[in-house]
file entry-v8.pdb (PDB, C-alpha atoms, pLDDT in the B column)
MODEL        1
ATOM      1  CA  MET Z   9      -2.415  27.856 -62.421  1.00 41.00           C
ATOM      2  CA  ASP Z  10      -4.348  24.576 -62.657  1.00 46.00           C
ATOM      3  CA  LEU Z  11      -3.005  22.041 -65.118  1.00 43.00           C
ATOM      4  CA  ASP Z  12      -5.940  19.619 -64.839  1.00 46.00           C
ATOM      5  CA  ALA Z  13      -6.846  20.206 -68.501  1.00 51.00           C
ATOM      6  CA  ARG Z  14      -4.032  17.872 -69.521  1.00 57.00           C
ATOM      7  CA  MET Z  15      -1.974  15.219 -67.829  1.00 71.00           C
ATOM      8  CA  PRO Z  16       0.549  17.125 -65.677  1.00 87.00           C
ATOM      9  CA  SER Z  17       4.077  15.924 -65.084  1.00 90.00           C
ATOM     10  CA  LEU Z  18       7.055  16.455 -62.855  1.00 93.00           C
ATOM     11  CA  ALA Z  19       8.566  18.584 -65.605  1.00 94.00           C
ATOM     12  CA  ASP Z  20       5.720  21.048 -65.054  1.00 94.00           C
ATOM     13  CA  VAL Z  21       6.668  21.270 -61.376  1.00 94.00           C
ATOM     14  CA  ALA Z  22      10.302  21.893 -62.292  1.00 95.00           C
ATOM     15  CA  GLU Z  23       9.270  24.673 -64.661  1.00 94.00           C
ATOM     16  CA  LEU Z  24       7.149  26.364 -61.991  1.00 94.00           C
ATOM     17  CA  ILE Z  25      10.100  26.305 -59.605  1.00 94.00           C
ATOM     18  CA  ARG Z  26      12.462  27.686 -62.248  1.00 92.00           C
ATOM     19  CA  ALA Z  27      10.052  30.539 -62.955  1.00 92.00           C
ATOM     20  CA  ARG Z  28       9.655  31.368 -59.258  1.00 92.00           C
ATOM     21  CA  ARG Z  29      13.361  31.111 -58.561  1.00 91.00           C
ATOM     22  CA  GLY Z  30      14.526  33.830 -60.911  1.00 82.00           C
ATOM     23  CA  ALA Z  31      18.131  34.741 -60.172  1.00 79.00           C
ATOM     24  CA  ARG Z  32      18.013  33.958 -56.445  1.00 80.00           C
ATOM     25  CA  ALA Z  33      20.677  31.616 -55.140  1.00 86.00           C
ATOM     26  CA  PRO Z  34      20.389  29.634 -53.146  1.00 95.00           C
ATOM     27  CA  PHE Z  35      16.676  29.247 -53.838  1.00 97.00           C
ATOM     28  CA  ILE Z  36      15.278  27.117 -51.024  1.00 97.00           C
ATOM     29  CA  VAL Z  37      12.117  25.172 -51.798  1.00 97.00           C
ATOM     30  CA  GLY Z  38      10.407  22.833 -49.352  1.00 97.00           C
ATOM     31  CA  ILE Z  39       8.437  19.691 -50.163  1.00 98.00           C
ATOM     32  CA  THR Z  40       6.070  18.393 -47.513  1.00 98.00           C
ATOM     33  CA  GLY Z  41       3.003  16.189 -47.182  1.00 98.00           C
ATOM     34  CA  ALA Z  42       1.841  13.074 -45.396  1.00 98.00           C
ATOM     35  CA  VAL Z  43       4.040  10.180 -44.369  1.00 98.00           C
ATOM     36  CA  ALA Z  44       4.449   7.798 -47.362  1.00 97.00           C
ATOM     37  CA  VAL Z  45       3.117  10.286 -49.937  1.00 98.00           C
ATOM     38  CA  GLY Z  46       6.459  10.083 -51.781  1.00 97.00           C
ATOM     39  CA  LYS Z  47       8.291  13.239 -50.731  1.00 98.00           C
ATOM     40  CA  SER Z  48      11.797  11.775 -50.939  1.00 96.00           C
ATOM     41  CA  THR Z  49      11.248  10.140 -54.328  1.00 96.00           C
ATOM     42  CA  LEU Z  50       9.725  13.290 -55.785  1.00 97.00           C
ATOM     43  CA  ALA Z  51      12.485  15.498 -54.343  1.00 97.00           C
ATOM     44  CA  ALA Z  52      15.230  13.347 -55.864  1.00 97.00           C
ATOM     45  CA  ALA Z  53      13.583  13.219 -59.287  1.00 96.00           C
ATOM     46  CA  LEU Z  54      12.788  16.925 -59.207  1.00 96.00           C
ATOM     47  CA  GLY Z  55      16.372  17.732 -58.285  1.00 96.00           C
ATOM     48  CA  GLU Z  56      17.645  15.817 -61.323  1.00 96.00           C
ATOM     49  CA  LEU Z  57      15.213  17.631 -63.616  1.00 95.00           C
ATOM     50  CA  ILE Z  58      16.146  21.073 -62.340  1.00 95.00           C
ATOM     51  CA  ALA Z  59      19.883  20.317 -62.455  1.00 95.00           C
ATOM     52  CA  GLY Z  60      19.541  19.175 -66.055  1.00 92.00           C
ATOM     53  CA  GLY Z  61      17.511  22.205 -67.090  1.00 87.00           C
ATOM     54  CA  PRO Z  62      18.504  25.638 -68.425  1.00 88.00           C
ATOM     55  CA  GLY Z  63      21.785  26.819 -66.966  1.00 88.00           C
ATOM     56  CA  THR Z  64      22.330  23.422 -65.288  1.00 91.00           C
ATOM     57  CA  PRO Z  65      22.100  24.871 -61.762  1.00 94.00           C
ATOM     58  CA  SER Z  66      23.632  23.012 -58.847  1.00 96.00           C
ATOM     59  CA  VAL Z  67      20.955  21.267 -56.762  1.00 97.00           C
ATOM     60  CA  GLU Z  68      21.115  19.626 -53.345  1.00 97.00           C
ATOM     61  CA  VAL Z  69      18.412  17.737 -51.451  1.00 98.00           C
ATOM     62  CA  VAL Z  70      18.167  17.835 -47.662  1.00 97.00           C
ATOM     63  CA  CYS Z  71      15.768  15.813 -45.509  1.00 97.00           C
ATOM     64  CA  THR Z  72      14.217  17.302 -42.377  1.00 98.00           C
ATOM     65  CA  ASP Z  73      14.628  13.925 -40.640  1.00 97.00           C
ATOM     66  CA  GLY Z  74      18.126  15.057 -39.678  1.00 97.00           C
ATOM     67  CA  PHE Z  75      16.521  17.730 -37.495  1.00 98.00           C
ATOM     68  CA  LEU Z  76      14.444  15.290 -35.480  1.00 98.00           C
ATOM     69  CA  LEU Z  77      15.322  15.069 -31.814  1.00 98.00           C
ATOM     70  CA  ASP Z  78      17.324  11.903 -31.171  1.00 97.00           C
ATOM     71  CA  ASN Z  79      15.492   8.886 -29.776  1.00 97.00           C
ATOM     72  CA  ALA Z  80      16.914   9.289 -26.270  1.00 97.00           C
ATOM     73  CA  THR Z  81      15.620  12.864 -26.097  1.00 98.00           C
ATOM     74  CA  LEU Z  82      12.251  11.856 -27.492  1.00 98.00           C
ATOM     75  CA  GLU Z  83      11.943   9.113 -24.887  1.00 97.00           C
ATOM     76  CA  ALA Z  84      12.966  11.450 -22.068  1.00 98.00           C
ATOM     77  CA  ARG Z  85      10.281  13.925 -23.158  1.00 97.00           C
ATOM     78  CA  GLY Z  86       7.605  11.274 -23.602  1.00 97.00           C
ATOM     79  CA  LEU Z  87       7.521  11.832 -27.368  1.00 97.00           C
ATOM     80  CA  THR Z  88       8.522   8.403 -28.660  1.00 95.00           C
ATOM     81  CA  LEU Z  89       5.098   7.895 -30.231  1.00 95.00           C
ATOM     82  CA  LYS Z  90       5.060  11.478 -31.511  1.00 96.00           C
ATOM     83  CA  LYS Z  91       8.024  11.204 -33.877  1.00 96.00           C
ATOM     84  CA  GLY Z  92       7.189  13.302 -36.910  1.00 97.00           C
ATOM     85  CA  PHE Z  93       4.908  15.628 -34.947  1.00 97.00           C
ATOM     86  CA  PRO Z  94       6.023  19.289 -34.763  1.00 96.00           C
ATOM     87  CA  GLU Z  95       7.299  18.932 -31.201  1.00 97.00           C
ATOM     88  CA  SER Z  96       9.680  16.138 -32.240  1.00 98.00           C
ATOM     89  CA  TYR Z  97      11.775  18.495 -34.417  1.00 97.00           C
ATOM     90  CA  ASP Z  98      14.450  21.007 -33.546  1.00 97.00           C
ATOM     91  CA  ALA Z  99      12.823  23.726 -35.639  1.00 95.00           C
ATOM     92  CA  GLU Z 100      15.283  26.366 -34.471  1.00 95.00           C
ATOM     93  CA  ALA Z 101      18.234  24.276 -35.658  1.00 96.00           C
ATOM     94  CA  LEU Z 102      16.593  23.806 -39.057  1.00 97.00           C
ATOM     95  CA  GLY Z 103      16.021  27.547 -39.393  1.00 96.00           C
ATOM     96  CA  ARG Z 104      19.581  28.376 -38.329  1.00 96.00           C
ATOM     97  CA  THR Z 105      21.054  25.865 -40.754  1.00 97.00           C
ATOM     98  CA  LEU Z 106      19.080  27.112 -43.747  1.00 97.00           C
ATOM     99  CA  ALA Z 107      19.928  30.720 -42.851  1.00 96.00           C
ATOM    100  CA  ALA Z 108      23.625  29.808 -42.622  1.00 96.00           C
ATOM    101  CA  LEU Z 109      23.496  28.117 -46.047  1.00 96.00           C
ATOM    102  CA  ARG Z 110      22.601  31.425 -47.646  1.00 94.00           C
ATOM    103  CA  HIS Z 111      26.057  32.733 -46.756  1.00 93.00           C
ATOM    104  CA  GLY Z 112      28.375  29.748 -46.772  1.00 96.00           C
ATOM    105  CA  PRO Z 113      28.812  26.059 -45.942  1.00 97.00           C
ATOM    106  CA  ALA Z 114      26.699  24.513 -43.195  1.00 97.00           C
ATOM    107  CA  ASP Z 115      26.648  21.151 -41.434  1.00 97.00           C
ATOM    108  CA  ILE Z 116      23.599  19.013 -42.200  1.00 97.00           C
ATOM    109  CA  PRO Z 117      22.797  16.366 -39.558  1.00 97.00           C
ATOM    110  CA  GLY Z 118      22.059  12.848 -40.750  1.00 97.00           C
ATOM    111  CA  TYR Z 119      19.301  10.392 -39.900  1.00 97.00           C
ATOM    112  CA  SER Z 120      19.424   6.634 -40.362  1.00 94.00           C
ATOM    113  CA  HIS Z 121      16.319   4.931 -41.730  1.00 88.00           C
ATOM    114  CA  VAL Z 122      17.864   1.641 -40.638  1.00 87.00           C
ATOM    115  CA  THR Z 123      18.160   2.453 -36.934  1.00 90.00           C
ATOM    116  CA  TYR Z 124      15.465   5.180 -37.017  1.00 92.00           C
ATOM    117  CA  ASP Z 125      17.683   7.592 -35.115  1.00 96.00           C
ATOM    118  CA  ILE Z 126      20.070  10.482 -35.668  1.00 96.00           C
ATOM    119  CA  ASP Z 127      23.409   9.140 -36.910  1.00 96.00           C
ATOM    120  CA  PRO Z 128      26.424  11.489 -36.606  1.00 95.00           C
ATOM    121  CA  ALA Z 129      28.256   9.405 -39.206  1.00 96.00           C
ATOM    122  CA  LEU Z 130      25.725  10.526 -41.806  1.00 96.00           C
ATOM    123  CA  SER Z 131      26.175  14.252 -41.234  1.00 97.00           C
ATOM    124  CA  ARG Z 132      27.684  16.265 -44.089  1.00 96.00           C
ATOM    125  CA  SER Z 133      28.998  19.720 -44.821  1.00 97.00           C
ATOM    126  CA  LEU Z 134      27.084  21.386 -47.621  1.00 97.00           C
ATOM    127  CA  ALA Z 135      28.114  24.421 -49.659  1.00 97.00           C
ATOM    128  CA  PRO Z 136      25.327  26.733 -50.858  1.00 97.00           C
ATOM    129  CA  PRO Z 137      23.828  25.287 -54.067  1.00 97.00           C
ATOM    130  CA  ASP Z 138      21.839  27.214 -56.645  1.00 96.00           C
ATOM    131  CA  VAL Z 139      18.711  25.327 -55.598  1.00 97.00           C
ATOM    132  CA  LEU Z 140      18.188  23.585 -52.261  1.00 97.00           C
ATOM    133  CA  ILE Z 141      15.272  21.179 -51.914  1.00 98.00           C
ATOM    134  CA  VAL Z 142      14.248  20.549 -48.304  1.00 98.00           C
ATOM    135  CA  GLU Z 143      11.890  17.583 -48.064  1.00 98.00           C
ATOM    136  CA  GLY Z 144      10.091  16.098 -45.105  1.00 98.00           C
ATOM    137  CA  LEU Z 145       7.828  16.987 -42.224  1.00 97.00           C
ATOM    138  CA  GLY Z 146       8.075  19.959 -39.889  1.00 95.00           C
ATOM    139  CA  LEU Z 147       7.564  22.575 -42.607  1.00 95.00           C
ATOM    140  CA  GLN Z 148       4.143  23.899 -41.574  1.00 90.00           C
ATOM    141  CA  GLU Z 149       5.581  27.417 -41.198  1.00 88.00           C
ATOM    142  CA  PRO Z 150       7.679  27.950 -44.357  1.00 87.00           C
ATOM    143  CA  ALA Z 151       8.686  31.542 -43.559  1.00 85.00           C
ATOM    144  CA  ALA Z 152       9.914  30.578 -40.096  1.00 83.00           C
ATOM    145  CA  CYS Z 153      11.936  27.730 -41.629  1.00 89.00           C
ATOM    146  CA  GLY Z 154      13.565  30.110 -44.093  1.00 91.00           C
ATOM    147  CA  LEU Z 155      11.987  28.673 -47.251  1.00 96.00           C
ATOM    148  CA  ASP Z 156      11.557  30.711 -50.426  1.00 96.00           C
ATOM    149  CA  ALA Z 157       8.720  28.480 -51.639  1.00 96.00           C
ATOM    150  CA  LEU Z 158       6.785  25.407 -50.516  1.00 97.00           C
ATOM    151  CA  LEU Z 159       5.257  22.489 -52.417  1.00 97.00           C
ATOM    152  CA  TYR Z 160       2.563  20.419 -50.733  1.00 98.00           C
ATOM    153  CA  LEU Z 161       2.208  16.847 -51.951  1.00 98.00           C
ATOM    154  CA  GLU Z 162      -1.188  15.245 -51.307  1.00 98.00           C
ATOM    155  CA  ALA Z 163      -3.224  12.121 -52.010  1.00 98.00           C
ATOM    156  CA  ALA Z 164      -6.431  10.541 -50.750  1.00 98.00           C
ATOM    157  CA  GLU Z 165      -6.136   9.086 -47.249  1.00 98.00           C
ATOM    158  CA  PRO Z 166      -6.859   5.467 -48.317  1.00 98.00           C
ATOM    159  CA  LEU Z 167      -4.024   5.674 -50.840  1.00 98.00           C
ATOM    160  CA  LEU Z 168      -1.672   7.094 -48.222  1.00 98.00           C
ATOM    161  CA  GLU Z 169      -2.478   4.266 -45.817  1.00 98.00           C
ATOM    162  CA  ALA Z 170      -1.930   1.654 -48.533  1.00 98.00           C
ATOM    163  CA  TRP Z 171       1.417   3.204 -49.515  1.00 98.00           C
ATOM    164  CA  PHE Z 172       2.512   3.361 -45.868  1.00 98.00           C
ATOM    165  CA  THR Z 173       1.560  -0.285 -45.324  1.00 98.00           C
ATOM    166  CA  ASP Z 174       3.424  -1.391 -48.454  1.00 97.00           C
ATOM    167  CA  ARG Z 175       6.533   0.491 -47.340  1.00 96.00           C
ATOM    168  CA  PHE Z 176       6.275  -0.983 -43.839  1.00 96.00           C
ATOM    169  CA  LEU Z 177       6.102  -4.501 -45.270  1.00 97.00           C
ATOM    170  CA  HIS Z 178       9.024  -3.840 -47.621  1.00 96.00           C
ATOM    171  CA  LEU Z 179      11.224  -2.670 -44.751  1.00 95.00           C
ATOM    172  CA  TRP Z 180      10.083  -5.598 -42.595  1.00 96.00           C
ATOM    173  CA  ARG Z 181      11.101  -8.062 -45.314  1.00 96.00           C
ATOM    174  CA  ALA Z 182      14.463  -6.331 -45.811  1.00 94.00           C
ATOM    175  CA  ALA Z 183      15.157  -6.658 -42.072  1.00 94.00           C
ATOM    176  CA  GLU Z 184      15.405 -10.446 -42.474  1.00 94.00           C
ATOM    177  CA  THR Z 185      19.039  -9.993 -43.512  1.00 94.00           C
ATOM    178  CA  ASP Z 186      19.728  -6.838 -41.503  1.00 93.00           C
ATOM    179  CA  PRO Z 187      19.583  -7.365 -37.725  1.00 92.00           C
ATOM    180  CA  ALA Z 188      20.493  -3.688 -37.181  1.00 90.00           C
ATOM    181  CA  SER Z 189      17.262  -2.590 -38.834  1.00 93.00           C
ATOM    182  CA  PHE Z 190      14.543  -1.047 -36.688  1.00 93.00           C
ATOM    183  CA  TYR Z 191      12.158  -3.505 -38.328  1.00 95.00           C
ATOM    184  CA  ALA Z 192      14.130  -6.557 -37.182  1.00 96.00           C
ATOM    185  CA  ARG Z 193      12.124  -6.450 -33.940  1.00 95.00           C
ATOM    186  CA  PHE Z 194       9.025  -7.417 -35.963  1.00 96.00           C
ATOM    187  CA  ARG Z 195      10.559 -10.350 -37.837  1.00 96.00           C
ATOM    188  CA  HIS Z 196       8.840 -12.877 -35.543  1.00 96.00           C
ATOM    189  CA  LEU Z 197       5.454 -11.701 -36.816  1.00 97.00           C
ATOM    190  CA  ARG Z 198       3.613 -13.153 -39.789  1.00 97.00           C
ATOM    191  CA  ALA Z 199       2.997 -10.922 -42.813  1.00 97.00           C
ATOM    192  CA  GLU Z 200      -0.688 -10.481 -42.000  1.00 97.00           C
ATOM    193  CA  GLU Z 201       0.249  -9.437 -38.455  1.00 98.00           C
ATOM    194  CA  VAL Z 202       2.741  -6.911 -39.791  1.00 98.00           C
ATOM    195  CA  ARG Z 203       0.093  -5.532 -42.126  1.00 98.00           C
ATOM    196  CA  ALA Z 204      -2.274  -5.137 -39.182  1.00 98.00           C
ATOM    197  CA  LEU Z 205       0.474  -3.460 -37.145  1.00 98.00           C
ATOM    198  CA  ALA Z 206       1.142  -1.010 -39.955  1.00 98.00           C
ATOM    199  CA  GLY Z 207      -2.569  -0.187 -40.037  1.00 98.00           C
ATOM    200  CA  ARG Z 208      -2.580   0.551 -36.313  1.00 98.00           C
ATOM    201  CA  VAL Z 209       0.493   2.772 -36.610  1.00 97.00           C
ATOM    202  CA  TRP Z 210      -1.143   4.673 -39.447  1.00 98.00           C
ATOM    203  CA  GLN Z 211      -4.440   5.151 -37.659  1.00 98.00           C
ATOM    204  CA  SER Z 212      -2.989   6.063 -34.255  1.00 97.00           C
ATOM    205  CA  ILE Z 213       0.051   8.149 -35.247  1.00 97.00           C
ATOM    206  CA  ASN Z 214       0.425   9.127 -38.901  1.00 98.00           C
ATOM    207  CA  LEU Z 215      -3.193   9.925 -39.711  1.00 98.00           C
ATOM    208  CA  PRO Z 216      -3.715  12.168 -36.641  1.00 98.00           C
ATOM    209  CA  ASN Z 217      -0.416  13.917 -37.430  1.00 98.00           C
ATOM    210  CA  LEU Z 218      -1.615  14.514 -40.996  1.00 98.00           C
ATOM    211  CA  ARG Z 219      -5.020  15.845 -39.981  1.00 98.00           C
ATOM    212  CA  ASP Z 220      -3.893  17.910 -37.010  1.00 98.00           C
ATOM    213  CA  HIS Z 221      -0.529  19.240 -38.178  1.00 97.00           C
ATOM    214  CA  ILE Z 222       0.885  18.342 -41.597  1.00 98.00           C
ATOM    215  CA  VAL Z 223      -2.131  19.508 -43.599  1.00 97.00           C
ATOM    216  CA  ARG Z 224      -1.734  23.017 -42.178  1.00 96.00           C
ATOM    217  CA  ALA Z 225       1.152  23.456 -44.609  1.00 96.00           C
ATOM    218  CA  ARG Z 226      -1.266  23.134 -47.527  1.00 96.00           C
ATOM    219  CA  ASP Z 227      -2.639  26.628 -46.962  1.00 94.00           C
ATOM    220  CA  GLN Z 228       0.910  27.996 -46.843  1.00 94.00           C
ATOM    221  CA  ALA Z 229       2.046  26.227 -50.019  1.00 96.00           C
ATOM    222  CA  ASP Z 230       2.907  27.880 -53.315  1.00 96.00           C
ATOM    223  CA  TRP Z 231       2.002  24.719 -55.222  1.00 96.00           C
ATOM    224  CA  VAL Z 232      -0.193  21.737 -54.405  1.00 97.00           C
ATOM    225  CA  VAL Z 233       0.567  18.519 -56.274  1.00 97.00           C
ATOM    226  CA  ARG Z 234      -2.148  15.858 -56.133  1.00 97.00           C
ATOM    227  CA  LYS Z 235      -1.265  12.214 -56.691  1.00 97.00           C
ATOM    228  CA  GLY Z 236      -3.490   9.308 -57.573  1.00 97.00           C
ATOM    229  CA  PRO Z 237      -3.100   5.514 -57.709  1.00 96.00           C
ATOM    230  CA  GLY Z 238       0.380   4.405 -58.647  1.00 95.00           C
ATOM    231  CA  HIS Z 239       1.798   7.735 -57.441  1.00 95.00           C
ATOM    232  CA  VAL Z 240       0.724   9.320 -60.733  1.00 95.00           C
ATOM    233  CA  ILE Z 241       0.539  13.122 -60.658  1.00 95.00           C
ATOM    234  CA  GLU Z 242      -3.092  14.033 -61.370  1.00 95.00           C
ATOM    235  CA  ALA Z 243      -3.064  17.801 -60.838  1.00 94.00           C
ATOM    236  CA  ILE Z 244      -0.761  20.695 -60.083  1.00 95.00           C
ATOM    237  CA  VAL Z 245      -2.277  23.851 -58.628  1.00 93.00           C
ATOM    238  CA  GLU Z 246      -0.331  27.055 -58.201  1.00 88.00           C
ATOM    239  CA  ALA Z 247      -1.826  28.334 -54.973  1.00 80.00           C
ATOM    240  CA  ARG Z 248      -0.007  31.637 -54.559  1.00 65.00           C
TER
ENDMDL
END
call {"tool": "encode", "arguments": {"input": "entry-v8.pdb", "output": "structure tokens"}}
result
Amino acid sequence: MDLDARMPSLADVAELIRARRGARAPFIVGITGAVAVGKSTLAAALGELIAGGPGTPSVEVVCTDGFLLDNATLEARGLTLKKGFPESYDAEALGRTLAALRHGPADIPGYSHVTYDIDPALSRSLAPPDVLIVEGLGLQEPAACGLDALLYLEAAEPLLEAWFTDRFLHLWRAAETDPASFYARFRHLRAEEVRALAGRVWQSINLPNLRDHIVRARDQADWVVRKGPGHVIEAIVEAR
């Protein structure tokens, strides 16, 4: 179903998920797409909409970042500059955890976006909700991950680069008062130098990951949500 004839909204996405879910619980839906496309923001807002909808189902959101290999392991394997690529995830652990959640509580590992590493203090035990939203990278094979449905979030590459750069600069500025932040190491740079650095990171790491790996999930997705300037949803296509 293509909703381009009118301005689509997040409520339309929630309704599509409700219709696909039926009586299944937990219903596990993945949200993936490029770095900086807005997966986390959309997942949180979508979770609130679904939870406030008919039947007020319980909803939990889990990020795949918790299933990244820790930084020490990535460094030992020569994958430090491949974080976010398929080989940087413990895909088997993600699959086992989602399978376990269908039958009872499971431990969800935590990831710190301050230190950019796995943080055991952020792990949590999660009971099976009615709807589980799994957002992040590493979801190119939804069946292997144990997903019931997959949403692919996309936008034009220039927009993605601009959003990534803006986020990079925001985190760099926040690091001024947070020496523990990963971005504190860049505080000696001027803003224009940080912007240039963000551009290099995008072009050398995130864009190749998008083109070579992440976009493969689009063909596996049940829904494709296209975003335009200002993160406005421009179209929702039901692919399967």
call {"tool": "closest_residue", "arguments": {"input": "entry-v8.pdb", "among": "Z:Ala192, Z:Ile39, Z:Leu167, Z:Leu77", "to": "Trp210 of chain Z", "atoms": "all atoms listed in the file"}}
result
Z:Leu167
call {"tool": "residues_around", "arguments": {"input": "entry-v8.pdb", "residues": "Ile222 of chain Z", "least_positions_apart": "6", "cutoff": "9 Å", "atoms": "all atoms listed in the file", "output": "mmCIF file with C-alpha atoms, in the coordinates of the input"}}
result
data_model
loop_
_atom_site.group_PDB
_atom_site.id
_atom_site.type_symbol
_atom_site.label_atom_id
_atom_site.label_comp_id
_atom_site.auth_asym_id
_atom_site.auth_seq_id
_atom_site.Cartn_x
_atom_site.Cartn_y
_atom_site.Cartn_z
ATOM 1 C CA THR Z 40 6.070 18.393 -47.513
ATOM 2 C CA GLY Z 41 3.003 16.189 -47.182
ATOM 3 C CA ALA Z 42 1.841 13.074 -45.396
ATOM 4 C CA PHE Z 93 4.908 15.628 -34.947
ATOM 5 C CA PRO Z 94 6.023 19.289 -34.763
ATOM 6 C CA LEU Z 145 7.828 16.987 -42.224
ATOM 7 C CA GLY Z 146 8.075 19.959 -39.889
ATOM 8 C CA LEU Z 147 7.564 22.575 -42.607
ATOM 9 C CA GLN Z 148 4.143 23.899 -41.574
#
call {"tool": "atom_distance", "arguments": {"input": "entry-v8.pdb", "atom1": "atom CA of Val21 of chain Z", "atom2": "atom CA of Arg110 of chain Z"}}
result
23.4 Å
call {"tool": "resolve_selection", "arguments": {"input": "entry-v8.pdb", "expression": "the PyMOL selection byres ((chain Z and resi 38) around 10)", "output": "mmCIF file with C-alpha atoms, keeping the file's coordinate frame"}}
result
data_model
loop_
_atom_site.group_PDB
_atom_site.id
_atom_site.type_symbol
_atom_site.label_atom_id
_atom_site.label_comp_id
_atom_site.auth_asym_id
_atom_site.auth_seq_id
_atom_site.Cartn_x
_atom_site.Cartn_y
_atom_site.Cartn_z
ATOM 1 C CA ILE Z 36 15.278 27.117 -51.024
ATOM 2 C CA VAL Z 37 12.117 25.172 -51.798
ATOM 3 C CA ILE Z 39 8.437 19.691 -50.163
ATOM 4 C CA THR Z 40 6.070 18.393 -47.513
ATOM 5 C CA LYS Z 47 8.291 13.239 -50.731
ATOM 6 C CA ALA Z 51 12.485 15.498 -54.343
ATOM 7 C CA VAL Z 69 18.412 17.737 -51.451
ATOM 8 C CA VAL Z 70 18.167 17.835 -47.662
ATOM 9 C CA CYS Z 71 15.768 15.813 -45.509
ATOM 10 C CA THR Z 72 14.217 17.302 -42.377
ATOM 11 C CA LEU Z 140 18.188 23.585 -52.261
ATOM 12 C CA ILE Z 141 15.272 21.179 -51.914
ATOM 13 C CA VAL Z 142 14.248 20.549 -48.304
ATOM 14 C CA GLU Z 143 11.890 17.583 -48.064
ATOM 15 C CA GLY Z 144 10.091 16.098 -45.105
ATOM 16 C CA LEU Z 145 7.828 16.987 -42.224
ATOM 17 C CA LEU Z 147 7.564 22.575 -42.607
ATOM 18 C CA PRO Z 150 7.679 27.950 -44.357
ATOM 19 C CA CYS Z 153 11.936 27.730 -41.629
ATOM 20 C CA GLY Z 154 13.565 30.110 -44.093
ATOM 21 C CA LEU Z 155 11.987 28.673 -47.251
ATOM 22 C CA ASP Z 156 11.557 30.711 -50.426
ATOM 23 C CA ALA Z 157 8.720 28.480 -51.639
ATOM 24 C CA LEU Z 158 6.785 25.407 -50.516
ATOM 25 C CA LEU Z 159 5.257 22.489 -52.417
ATOM 26 C CA TYR Z 160 2.563 20.419 -50.733
ATOM 27 C CA ALA Z 229 2.046 26.227 -50.019
ATOM 28 C CA ASP Z 230 2.907 27.880 -53.315
#
call {"tool": "resolve_selection", "arguments": {"input": "entry-v8.pdb", "expression": "the PyMOL selection byres ((chain Z and resi 23) around 12)", "output": "CSV table (one decimal) with C-alpha atoms, in the frame of the given file"}}
result
chain,number,residue,atom,x,y,z
Z,16,PRO,CA,0.5,17.1,-65.7
Z,17,SER,CA,4.1,15.9,-65.1
Z,18,LEU,CA,7.1,16.5,-62.9
Z,19,ALA,CA,8.6,18.6,-65.6
Z,20,ASP,CA,5.7,21.0,-65.1
Z,21,VAL,CA,6.7,21.3,-61.4
Z,22,ALA,CA,10.3,21.9,-62.3
Z,24,LEU,CA,7.1,26.4,-62.0
Z,25,ILE,CA,10.1,26.3,-59.6
Z,26,ARG,CA,12.5,27.7,-62.2
Z,27,ALA,CA,10.1,30.5,-63.0
Z,28,ARG,CA,9.7,31.4,-59.3
Z,29,ARG,CA,13.4,31.1,-58.6
Z,30,GLY,CA,14.5,33.8,-60.9
Z,54,LEU,CA,12.8,16.9,-59.2
Z,55,GLY,CA,16.4,17.7,-58.3
Z,57,LEU,CA,15.2,17.6,-63.6
Z,58,ILE,CA,16.1,21.1,-62.3
Z,59,ALA,CA,19.9,20.3,-62.5
Z,60,GLY,CA,19.5,19.2,-66.1
Z,61,GLY,CA,17.5,22.2,-67.1
Z,62,PRO,CA,18.5,25.6,-68.4
Z,231,TRP,CA,2.0,24.7,-55.2
Z,244,ILE,CA,-0.8,20.7,-60.1
Z,246,GLU,CA,-0.3,27.1,-58.2
call {"tool": "closest_residue", "arguments": {"input": "entry-v8.pdb", "among": "Z:Ala129, Z:Val139, Z:Leu197, Z:Ala52", "to": "Ala33 of chain Z", "atoms": "only C-alpha atoms"}}
result
Z:Val139
call {"tool": "atom_distance", "arguments": {"input": "entry-v8.pdb", "atom1": "atom CA of Pro237 of chain Z", "atom2": "atom CA of Arg195 of chain Z"}}
result
28.9 Å
call {"tool": "atom_distance", "arguments": {"input": "entry-v8.pdb", "atom1": "atom CA of Asp73 of chain Z", "atom2": "atom CA of Ile241 of chain Z"}}
result
24.5 Å
call {"tool": "residues_around", "arguments": {"input": "entry-v8.pdb", "residues": "Gly236 of chain Z", "least_positions_apart": "4", "cutoff": "12 Å", "atoms": "all atoms listed in the file", "output": "PyMOL selection string"}}
result
chain Z and resi 15-16+45-46+161-168+170-171+240-244
call {"tool": "build_atoms", "arguments": {"input": "entry-v8.pdb", "residues": "segment 202-207 of chain Z", "atoms": "N, CA and C atoms", "output": "CSV table (one decimal), in the coordinates of the input"}}
result
chain,number,residue,atom,x,y,z
Z,202,VAL,N,2.0,-8.1,-39.5
Z,202,VAL,CA,2.7,-6.9,-39.8
Z,202,VAL,C,1.8,-5.9,-40.5
Z,203,ARG,N,1.0,-6.4,-41.4
Z,203,ARG,CA,0.1,-5.5,-42.1
Z,203,ARG,C,-0.9,-4.9,-41.1
Z,204,ALA,N,-1.4,-5.7,-40.2
Z,204,ALA,CA,-2.3,-5.1,-39.2
Z,204,ALA,C,-1.6,-4.1,-38.3
Z,205,LEU,N,-0.3,-4.4,-38.0
Z,205,LEU,CA,0.5,-3.5,-37.1
Z,205,LEU,C,0.7,-2.1,-37.9
Z,206,ALA,N,1.0,-2.2,-39.2
Z,206,ALA,CA,1.1,-1.0,-40.0
Z,206,ALA,C,-0.1,-0.2,-40.0
Z,207,GLY,N,-1.3,-0.9,-40.1
Z,207,GLY,CA,-2.6,-0.2,-40.0
Z,207,GLY,C,-2.8,0.5,-38.7
